[in-house]
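Structure below is run_23.txt: compact mmCIF, C-alpha atoms and all ligand atoms.
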# COMPACT_ATOMS: atom_id res chain seq x y z
CA MET L 1 99.72 74.79 70.50
CA PRO L 2 97.31 75.89 73.23
CA ILE L 3 96.09 79.48 73.22
CA TYR L 4 97.76 81.52 75.94
CA LEU L 5 95.29 83.75 77.75
CA ASP L 6 97.16 84.24 81.02
CA HIS L 7 99.26 87.33 80.30
CA ALA L 8 98.58 88.77 83.76
CA ALA L 9 100.52 85.81 85.21
CA THR L 10 103.47 86.21 82.89
CA THR L 11 104.16 86.96 79.22
CA PRO L 12 106.31 85.25 76.59
CA PRO L 13 109.57 87.20 76.20
CA ARG L 14 109.91 89.02 72.88
CA PRO L 15 112.44 87.63 70.41
CA GLU L 16 114.26 91.00 70.50
CA VAL L 17 114.51 90.67 74.30
CA VAL L 18 115.92 87.15 74.14
CA GLU L 19 118.38 88.24 71.45
CA ALA L 20 119.61 91.22 73.46
CA MET L 21 120.00 89.08 76.57
CA VAL L 22 121.89 86.31 74.78
CA SER L 23 124.22 88.89 73.33
CA VAL L 24 124.95 90.36 76.78
CA MET L 25 125.43 86.93 78.34
CA SER L 26 127.89 85.83 75.69
CA GLU L 27 129.74 89.09 75.10
CA ALA L 28 129.30 91.33 78.15
CA TRP L 29 129.49 88.70 80.89
CA GLY L 30 132.11 90.48 83.01
CA ASN L 31 131.52 91.77 86.51
CA PRO L 32 130.41 95.40 86.09
CA SER L 33 132.47 96.35 89.15
CA SER L 34 135.73 95.05 87.64
CA THR L 35 137.96 97.77 86.25
CA HIS L 36 139.46 95.72 83.40
CA ALA L 37 138.14 95.54 79.86
CA PHE L 38 135.66 92.72 80.61
CA GLY L 39 134.20 94.64 83.51
CA ARG L 40 134.03 97.87 81.53
CA ARG L 41 132.12 96.14 78.78
CA ALA L 42 129.53 94.79 81.26
CA ARG L 43 129.36 98.20 82.95
CA ALA L 44 128.66 99.86 79.61
CA ALA L 45 125.80 97.42 78.93
CA LEU L 46 124.37 98.00 82.40
CA ASP L 47 124.63 101.78 82.02
CA GLU L 48 122.87 101.56 78.69
CA ALA L 49 120.01 99.53 80.20
CA ARG L 50 119.68 101.99 83.08
CA GLU L 51 119.67 105.00 80.76
CA SER L 52 117.03 103.35 78.59
CA VAL L 53 114.71 102.60 81.53
CA ALA L 54 115.28 106.11 82.89
CA ARG L 55 114.40 107.66 79.52
CA ASP L 56 111.15 105.69 79.34
CA LEU L 57 110.19 106.70 82.87
CA ARG L 58 111.42 110.31 82.25
CA VAL L 59 113.72 110.16 85.27
CA ASP L 60 117.44 110.38 86.00
CA PRO L 61 119.39 107.11 85.55
CA ARG L 62 120.65 107.45 89.13
CA GLU L 63 117.04 107.11 90.26
CA VAL L 64 116.70 103.58 88.80
CA VAL L 65 117.55 100.54 90.95
CA PHE L 66 117.59 97.15 89.23
CA THR L 67 116.16 94.28 91.28
CA SER L 68 115.39 90.58 90.91
CA GLY L 69 111.79 91.31 89.94
CA GLY L 70 108.59 93.05 90.93
CA SER L 71 108.38 91.50 94.39
CA GLU L 72 111.88 92.61 95.32
CA ALA L 73 111.31 96.14 94.02
CA ILE L 74 108.12 96.35 96.08
CA ASN L 75 109.78 94.95 99.21
CA LEU L 76 112.67 97.38 98.87
CA ALA L 77 110.32 100.33 98.38
CA ILE L 78 108.01 99.54 101.27
CA LYS L 79 110.41 98.17 103.87
CA GLY L 80 113.20 100.51 102.79
CA ALA L 81 111.04 103.62 103.11
CA ALA L 82 109.30 102.46 106.30
CA TRP L 83 112.53 101.71 108.16
CA ALA L 84 114.20 104.88 106.91
CA GLY L 85 111.20 106.95 108.06
CA LYS L 86 110.66 105.25 111.41
CA ALA L 87 112.03 108.18 113.39
CA ARG L 88 109.32 110.37 111.84
CA GLY L 89 106.45 107.94 112.37
CA HIS L 90 105.22 104.40 112.22
CA HIS L 91 101.99 104.74 110.27
CA LEU L 92 101.61 103.26 106.78
CA VAL L 93 98.70 103.20 104.34
CA THR L 94 97.80 100.78 101.58
CA THR L 95 94.72 99.27 99.92
CA ALA L 96 92.81 96.01 100.28
CA VAL L 97 93.43 94.88 96.68
CA GLU L 98 97.23 94.93 96.57
CA HIS L 99 99.43 92.12 95.30
CA GLU L 100 100.70 89.70 97.97
CA ALA L 101 104.19 91.25 97.73
CA VAL L 102 102.73 94.53 99.03
CA LEU L 103 100.34 93.04 101.59
CA HIS L 104 102.93 90.70 103.07
CA ALA L 105 105.62 93.40 103.20
CA PHE L 106 103.19 95.42 105.33
CA GLY L 107 102.33 92.31 107.37
CA TYR L 108 106.01 91.95 108.15
CA LEU L 109 106.32 95.60 109.20
CA GLU L 110 103.30 95.23 111.52
CA LYS L 111 105.27 92.64 113.49
CA PHE L 112 107.79 95.40 114.27
CA GLY L 113 105.30 97.92 115.57
CA PHE L 114 104.27 99.71 112.38
CA GLU L 115 100.56 100.49 112.10
CA VAL L 116 98.97 99.84 108.74
CA THR L 117 95.71 101.33 107.51
CA VAL L 118 94.21 99.25 104.70
CA LEU L 119 91.85 101.31 102.57
CA PRO L 120 88.65 99.63 101.39
CA VAL L 121 87.56 99.56 97.73
CA ASP L 122 84.23 99.84 95.96
CA ARG L 123 82.45 97.12 93.97
CA TYR L 124 84.87 97.73 91.06
CA GLY L 125 88.01 97.60 93.18
CA ARG L 126 88.64 101.35 93.20
CA VAL L 127 89.87 103.36 96.18
CA ASP L 128 88.11 106.58 97.19
CA PRO L 129 90.65 109.45 97.13
CA GLU L 130 88.82 111.18 100.01
CA ALA L 131 89.27 108.05 102.13
CA LEU L 132 92.98 108.19 101.40
CA SER L 133 93.46 111.78 102.55
CA ALA L 134 91.29 111.08 105.60
CA ALA L 135 93.56 108.18 106.59
CA LEU L 136 96.73 110.29 106.67
CA THR L 137 98.14 111.47 109.98
CA GLU L 138 101.17 113.41 111.18
CA ARG L 139 102.91 110.10 111.63
CA THR L 140 102.17 108.59 108.22
CA VAL L 141 105.43 107.70 106.49
CA LEU L 142 104.33 105.90 103.34
CA VAL L 143 101.33 105.25 101.12
CA SER L 144 101.52 102.29 98.74
CA LEU L 145 99.05 102.13 95.88
CA GLN L 146 98.47 99.81 92.99
CA TYR L 147 98.10 101.23 89.47
CA VAL L 148 96.42 98.25 87.76
CA ASN L 149 95.04 95.22 89.60
CA ASN L 150 96.36 91.82 88.56
CA GLU L 151 93.19 89.85 89.34
CA VAL L 152 90.40 92.08 88.02
CA GLY L 153 92.29 94.54 85.80
CA THR L 154 90.89 97.65 87.48
CA VAL L 155 92.86 100.86 86.96
CA GLN L 156 92.98 103.07 90.04
CA PRO L 157 92.26 106.80 89.74
CA LEU L 158 95.98 107.26 90.38
CA ALA L 159 96.37 110.97 89.62
CA ASP L 160 93.53 111.77 91.98
CA LEU L 161 94.85 109.43 94.68
CA VAL L 162 98.35 110.89 94.52
CA ARG L 163 96.95 114.43 94.69
CA HIS L 164 95.08 113.48 97.86
CA ALA L 165 98.17 111.81 99.33
CA ARG L 166 100.07 115.07 98.71
CA THR L 167 97.85 116.94 101.15
CA GLN L 168 100.42 115.74 103.73
CA ARG L 169 103.75 116.89 102.34
CA HIS L 170 105.85 114.45 104.37
CA VAL L 171 104.15 111.29 103.05
CA LEU L 172 106.04 109.18 100.52
CA VAL L 173 104.04 107.54 97.72
CA HIS L 174 104.95 104.16 96.23
CA VAL L 175 103.12 102.75 93.22
CA ASP L 176 103.06 99.10 92.19
CA ALA L 177 102.98 99.67 88.43
CA VAL L 178 103.82 96.07 87.51
CA GLN L 179 100.55 95.44 85.65
CA ALA L 180 100.38 98.97 84.26
CA ALA L 181 103.79 98.92 82.57
CA PRO L 182 102.75 96.85 79.53
CA TRP L 183 99.84 99.15 78.70
CA MET L 184 100.18 102.64 80.11
CA ASP L 185 102.68 105.40 79.80
CA LEU L 186 104.67 105.64 83.02
CA ASP L 187 105.54 109.33 83.00
CA VAL L 188 106.92 109.41 86.53
CA PRO L 189 107.26 113.21 86.92
CA ALA L 190 103.63 113.61 85.78
CA LEU L 191 102.50 110.85 88.15
CA ASP L 192 104.35 112.71 90.93
CA VAL L 193 105.29 109.56 92.90
CA ASP L 194 108.41 108.90 94.99
CA LEU L 195 108.80 105.19 94.37
CA LEU L 196 107.52 103.01 91.52
CA SER L 197 107.97 99.28 90.86
CA ILE L 198 107.96 97.40 87.55
CA ALA L 199 108.73 93.80 86.54
CA GLY L 200 110.20 92.55 83.27
CA HIS L 201 108.13 89.42 82.80
CA LYS L 202 104.76 91.16 82.82
CA LEU L 203 105.76 93.20 79.76
CA GLU L 204 107.34 90.57 77.54
CA GLY L 205 110.68 90.85 79.26
CA PRO L 206 112.55 88.34 81.43
CA ARG L 207 111.37 86.83 84.70
CA GLY L 208 113.64 87.67 87.62
CA ALA L 209 114.30 91.24 86.46
CA GLY L 210 112.62 94.28 87.92
CA ALA L 211 113.29 97.92 88.61
CA LEU L 212 112.47 100.39 91.32
CA TYR L 213 112.35 104.11 90.66
CA VAL L 214 113.54 106.04 93.72
CA ARG L 215 113.04 109.79 93.59
CA ARG L 216 116.25 111.68 94.23
CA GLY L 217 116.64 112.46 97.94
CA THR L 218 114.19 109.77 99.11
CA ALA L 219 115.50 108.09 102.27
CA LEU L 220 115.61 104.36 101.64
CA LEU L 221 117.24 101.67 103.76
CA ALA L 222 118.75 98.82 101.74
CA GLN L 223 117.09 95.46 102.35
CA GLN L 224 119.83 93.32 100.87
CA HIS L 225 123.33 93.88 102.19
CA GLY L 226 126.71 93.29 100.66
CA GLY L 227 128.62 95.25 98.07
CA SER L 228 128.00 98.85 97.08
CA GLN L 229 126.11 98.06 93.87
CA GLU L 230 123.10 100.16 92.80
CA ARG L 231 124.42 103.13 94.82
CA HIS L 232 124.26 101.14 98.08
CA ARG L 233 120.56 100.50 97.63
CA ARG L 234 120.73 96.87 96.47
CA ALA L 235 123.81 94.71 97.02
CA GLY L 236 124.86 91.89 94.72
CA THR L 237 126.58 91.56 91.35
CA GLU L 238 124.17 93.03 88.84
CA ASP L 239 122.19 90.89 86.39
CA VAL L 240 123.22 92.80 83.28
CA ALA L 241 121.31 90.51 80.90
CA GLY L 242 118.14 90.83 82.97
CA ALA L 243 118.43 94.61 83.11
CA THR L 244 119.03 94.70 79.35
CA GLY L 245 115.98 92.52 78.67
CA LEU L 246 113.80 94.63 80.92
CA ALA L 247 114.99 97.84 79.25
CA ARG L 248 114.36 96.46 75.76
CA ALA L 249 110.86 95.24 76.68
CA LEU L 250 109.92 98.58 78.24
CA ARG L 251 111.19 100.49 75.21
CA LEU L 252 109.25 98.34 72.72
CA ALA L 253 106.05 98.48 74.74
CA ARG L 254 106.29 102.26 74.88
CA ARG L 255 107.03 102.57 71.17
CA GLU L 256 103.95 100.52 70.25
CA ARG L 257 101.47 102.57 72.26
CA PRO L 258 98.63 103.25 71.71
CA ALA L 259 98.30 100.90 68.70
CA VAL L 260 98.89 97.63 70.55
CA PRO L 261 96.73 98.39 73.62
CA ASP L 262 93.93 99.59 71.32
CA ARG L 263 94.03 96.47 69.17
CA VAL L 264 94.19 94.15 72.20
CA ALA L 265 91.27 95.97 73.85
CA GLY L 266 89.22 95.34 70.70
CA LEU L 267 89.94 91.60 70.89
CA ARG L 268 89.24 91.59 74.61
CA ASP L 269 85.87 93.27 74.06
CA ARG L 270 84.89 90.57 71.58
CA LEU L 271 85.78 87.83 74.03
CA ARG L 272 84.05 89.70 76.86
CA ASP L 273 80.80 89.92 74.87
CA ALA L 274 80.91 86.22 74.02
CA VAL L 275 81.58 85.20 77.63
CA LEU L 276 79.03 87.58 79.18
CA ALA L 277 76.39 86.19 76.81
CA VAL L 278 76.41 83.00 78.91
CA PRO L 279 73.67 83.22 81.57
CA GLY L 280 74.97 83.61 85.13
CA VAL L 281 78.28 85.17 84.15
CA GLU L 282 79.16 88.57 85.60
CA LEU L 283 82.07 90.90 84.83
CA THR L 284 84.35 91.71 87.78
CA GLY L 285 86.41 94.86 87.99
CA HIS L 286 85.64 98.18 86.39
CA PRO L 287 83.82 98.03 83.03
CA GLN L 288 85.80 100.96 81.54
CA HIS L 289 88.76 101.68 83.81
CA ARG L 290 90.54 98.38 83.20
CA ALA L 291 93.69 97.08 81.53
CA PRO L 292 93.20 96.57 77.75
CA GLY L 293 94.03 92.86 77.83
CA HIS L 294 92.10 92.01 80.95
CA LEU L 295 88.86 90.06 81.19
CA SER L 296 87.72 88.73 84.56
CA VAL L 297 84.35 87.26 85.42
CA ILE L 298 82.48 85.29 88.05
CA VAL L 299 80.65 82.22 86.83
CA ARG L 300 77.76 81.19 89.07
CA ASP L 301 77.46 77.60 90.33
CA VAL L 302 80.91 76.68 89.10
CA ASP L 303 84.29 76.31 90.74
CA GLY L 304 86.74 78.51 88.85
CA GLN L 305 89.53 76.00 89.29
CA SER L 306 87.50 73.24 87.56
CA LEU L 307 86.87 75.64 84.70
CA VAL L 308 90.59 76.33 84.36
CA VAL L 309 91.28 72.59 84.20
CA ALA L 310 88.51 72.00 81.64
CA LEU L 311 89.71 74.93 79.50
CA ASP L 312 93.27 73.65 79.67
CA LEU L 313 92.07 70.33 78.21
CA GLU L 314 90.36 72.34 75.44
CA GLY L 315 93.63 74.12 74.65
CA ILE L 316 93.06 77.40 76.47
CA ALA L 317 95.50 78.45 79.17
CA CYS L 318 93.95 80.84 81.70
CA SER L 319 93.56 81.14 85.45
CA SER L 320 91.03 81.58 88.21
CA GLY L 321 92.61 84.39 90.29
CA SER L 322 96.18 85.45 90.51
CA ALA L 323 98.94 82.99 89.68
CA CYS L 324 100.46 83.56 93.11
CA ALA L 325 97.25 82.42 94.83
CA ALA L 326 96.75 79.37 92.57
CA GLY L 327 96.35 76.20 94.56
CA SER L 328 95.04 78.11 97.57
CA THR L 329 91.49 77.27 98.66
CA GLU L 330 90.97 80.68 100.24
CA PRO L 331 88.67 83.03 98.35
CA SER L 332 90.53 85.85 96.60
CA HIS L 333 91.25 88.78 98.94
CA VAL L 334 90.61 91.11 96.02
CA LEU L 335 87.09 89.84 95.28
CA THR L 336 86.35 89.67 99.02
CA ALA L 337 87.39 93.32 99.40
CA MET L 338 85.13 94.19 96.46
CA GLY L 339 82.20 92.73 98.40
CA TYR L 340 81.79 89.33 96.76
CA PRO L 341 80.85 86.55 99.20
CA ALA L 342 83.25 83.60 99.30
CA GLU L 343 80.68 81.40 97.56
CA GLU L 344 80.62 83.69 94.50
CA ALA L 345 84.35 84.40 94.51
CA ARG L 346 84.94 80.67 94.01
CA GLY L 347 83.64 81.04 90.45
CA ALA L 348 86.32 83.53 89.39
CA LEU L 349 87.77 83.14 85.91
CA ARG L 350 90.53 85.34 84.46
CA LEU L 351 91.35 85.53 80.75
CA THR L 352 94.17 87.94 79.96
CA LEU L 353 95.31 88.80 76.44
CA GLY L 354 98.62 90.17 75.28
CA ARG L 355 100.31 91.74 72.28
CA THR L 356 100.78 88.37 70.59
CA THR L 357 97.13 87.34 70.94
CA THR L 358 95.65 86.98 67.43
CA GLU L 359 92.19 87.35 65.86
CA ALA L 360 92.23 83.58 65.28
CA ASP L 361 92.97 82.93 68.98
CA ILE L 362 89.96 85.00 69.95
CA ASP L 363 87.72 83.43 67.27
CA LEU L 364 88.46 80.07 68.85
CA ALA L 365 88.19 81.29 72.44
CA CYS L 366 84.81 82.92 71.67
CA ARG L 367 83.50 79.44 70.80
CA ILE L 368 85.35 77.30 73.33
CA VAL L 369 85.04 79.38 76.51
CA PRO L 370 81.22 79.79 76.53
CA ALA L 371 80.69 76.13 75.54
CA THR L 372 83.08 74.93 78.27
CA ILE L 373 81.40 77.09 80.91
CA GLU L 374 78.00 75.61 80.00
CA ARG L 375 79.34 72.06 80.00
CA VAL L 376 81.22 72.34 83.31
CA ARG L 377 78.23 74.00 84.94
CA ALA L 378 75.82 71.34 83.68
CA GLY L 379 78.13 68.74 85.22
CA ALA L 380 78.39 70.63 88.52
CA VAL L 381 74.62 71.11 88.74
CA ALA L 382 73.98 67.42 87.99
CA LEU L 383 76.49 66.44 90.66
CA ALA L 384 74.89 68.77 93.23
CA ALA L 385 71.45 67.34 92.44
CA ARG L 386 72.71 63.82 93.17
CA ASP L 387 73.96 64.83 96.63
CA PRO L 388 71.40 64.21 99.35
C1 LIG L 401 103.38 89.96 89.15
C2 LIG L 401 103.10 91.10 90.06
C3 LIG L 401 103.99 91.44 91.08
C4 LIG L 401 105.23 90.64 91.39
O1 LIG L 401 106.19 90.69 90.39
P1 LIG L 401 107.27 89.50 90.26
O2 LIG L 401 108.22 89.97 89.24
O3 LIG L 401 106.50 88.28 89.84
O4 LIG L 401 107.90 89.32 91.59
C5 LIG L 401 103.68 92.54 91.85
N1 LIG L 401 102.57 93.26 91.64
C6 LIG L 401 101.69 92.97 90.67
C7 LIG L 401 100.50 93.83 90.47
C8 LIG L 401 101.93 91.88 89.84
O5 LIG L 401 101.04 91.57 88.90
Is it possible to give me this structure as structure tokens?
Amino acid sequence: MPIYLDHAATTPPRPEVVEAMVSVMSEAWGNPSSTHAFGRRARAALDEARESVARDLRVDPREVVFTSGGSEAINLAIKGAAWAGKARGHHLVTTAVEHEAVLHAFGYLEKFGFEVTVLPVDRYGRVDPEALSAALTERTVLVSLQYVNNEVGTVQPLADLVRHARTQRHVLVHVDAVQAAPWMDLDVPALDVDLLSIAGHKLEGPRGAGALYVRRGTALLAQQHGGSQERHRRAGTEDVAGATGLARALRLARRERPAVPDRVAGLRDRLRDAVLAVPGVELTGHPQHRAPGHLSVIVRDVDGQSLVVALDLEGIACSSGSACAAGSTEPSHVLTAMGYPAEEARGALRLTLGRTTTEADIDLACRIVPATIERVRAGAVALAARDP
């Protein structure tokens, strides 16, 4: 079996998650809106999932909206809050290193007359809290921030950023916590945010299941219309199995902290040292403020995509930027925002570990990754030398 080092793209679902989902699908398959026994059984399972997620986020169950994943939660948060707040203003703020779901939701809103300020980041991908408060105006409706970056693993100074956003009382704060959820405690009242998105499949739960926290009293316009499910905030018959899987994954991740993140960070550090020992390899993202499982580098004189292909042949599954941007020839918007020229950004390599990564996996990766980098680079340099 190949070694899986692409946990930022998705994670293998836990056996307990699969088991809980199979049980719901075979025994609680009713429509939760039906009033008969089958419906009540499904409703009970859905309520249980919602209460579990709410407990882990320290919020009220009525503040949890289940969605079809991270992207939908993000779209609902951003578009829902922007449209609901339009009478108050049309100014929105985000950052240059957001996931495509965030950036494209704002791109869509721009077509309808919203103005979007995109905050720059430093060399490590961090946003300056002073720049955030300076960007706010009387007409700012929403600020959307990322907690942990999917491409370079950088953790934003979130508490500081939120405090600066709060200098304007009327501004709503949304946090894309999709990459943070596997590793960090999401104590929503302490984070003091209004909206927060998570996705099941990034934390060993199911793909196609996400959740949006909506602070009580936050005006939000539904983006999917139909029935009155999810308190009129998200129409459609609920995916009870998905919600159950997400809830189980979140609970287990929380229960295992800080032991699992600490152990994974130790393995990551070993791999980091082995990879950075190769000449012409540079760490991207923040050296300390980064997700425990995340290693991202730039390899000089090499195309990251060729490295990914070569590593795949050697039995190591990893990626060159984000999974969503794979196949695109454009340089990563994240690395570009961090100040890397397109030429350097081409050499991006991302190795992301997870809970199930073993010592033996990393022993092997510590040998294979540096050797493969050297070999692919030697080939690329020889090829370049042959060109006139
Ligand atoms: C994966 C990811 C998303 C999108 O979540 P999906 O469930 O795949 O739609 C959003 N934000 C970040 C930071 C992510 O890593």
**OP:** Can you tell me which residues come within 6 Å of ligand LIG 401 (chain L) when counting only C-alpha atoms and all ligand atoms, ideally as a list in words?
**Re:**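 So the residues close to ligand LIG 401 (chain L) are Gly69, Gly70, Ser71, His99, Asn149, Asn150, Asp176, Val178, Gln179 and Ala199 of chain L.
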**OP:** Could you check which of L:Gly236, L:Gly354, L:Pro129, L:Gly347 is closest to L:Val302, using only C-alpha atoms?
**Re:**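 Among the listed residues, L:Gly347 lies closest to L:Val302.
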Original post:
Could you pull the residues within 6 Å of stretch 365-367 of chain L, counting all atoms listed in the file, minus those fewer than 3 positions along the same chain, as a ChimeraX atom specification?
Top reply: /L:271,274,362
Subject >> Selected residue of minimal separation from L:His90 among L:Leu119, L:Leu142, L:Val334, L:Val127, counting all atoms listed in the file >> reply: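 Closest candidate: L:Leu142.
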**OP:** Would you please work out which residue, of L:Ser133, L:Thr140, L:Ser296, L:Asn75, is nearest to L:Leu161 when using all atoms listed in the file?
**Re:**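 Going through L:Ser133, L:Thr140, L:Ser296, L:Asn75 one by one, the smallest distance to L:Leu161 is for L:Ser133.
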Original post:
Residues around (133.7, 94.6, 77.9), cut-off 9 Å, counting only C-alpha atoms - what are they as an NGL selection string?
Top reply: :L and (27-30 or 32 or 36-45)
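Using all atoms listed in the file, the smallest distance between any of L:Pro370, L:Gly315, L:Pro120, L:Pro189 and L:Leu5 comes from L:Gly315.
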Original post:
Which distance in Å separates atom CA of L:Tyr108 and atom CA of L:Leu145, to one decimal?
Top reply: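 Interatomic distance, atom CA of L:Tyr108 to atom CA of L:Leu145: 17.4 Å.
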**OP:** Find the residues around stretch 224-230 of chain L up to 9 Å (all atoms listed in the file counted), leave out those fewer than 3 positions away in its own chain, and share them as a PyMOL selection string.
**Re:** chain L and resi 33+62+64-66+76+233-238
**OP:** Can you pull out every residue within 7 Å of L:Leu196, counting only C-alpha atoms, but drop anything in the same chain fewer than 2 positions away, and send it as a ChimeraX atom specification?
**Re:** /L:174-177,194,198,212-213
Subject >> For atom CA of L:Val171 and atom CA of L:Ala134, the interatomic separation in Å (one decimal) >> reply: 13.1 Å
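Atom CA of L:Thr94 is positioned 6.3 Å from atom CA of L:Thr117.
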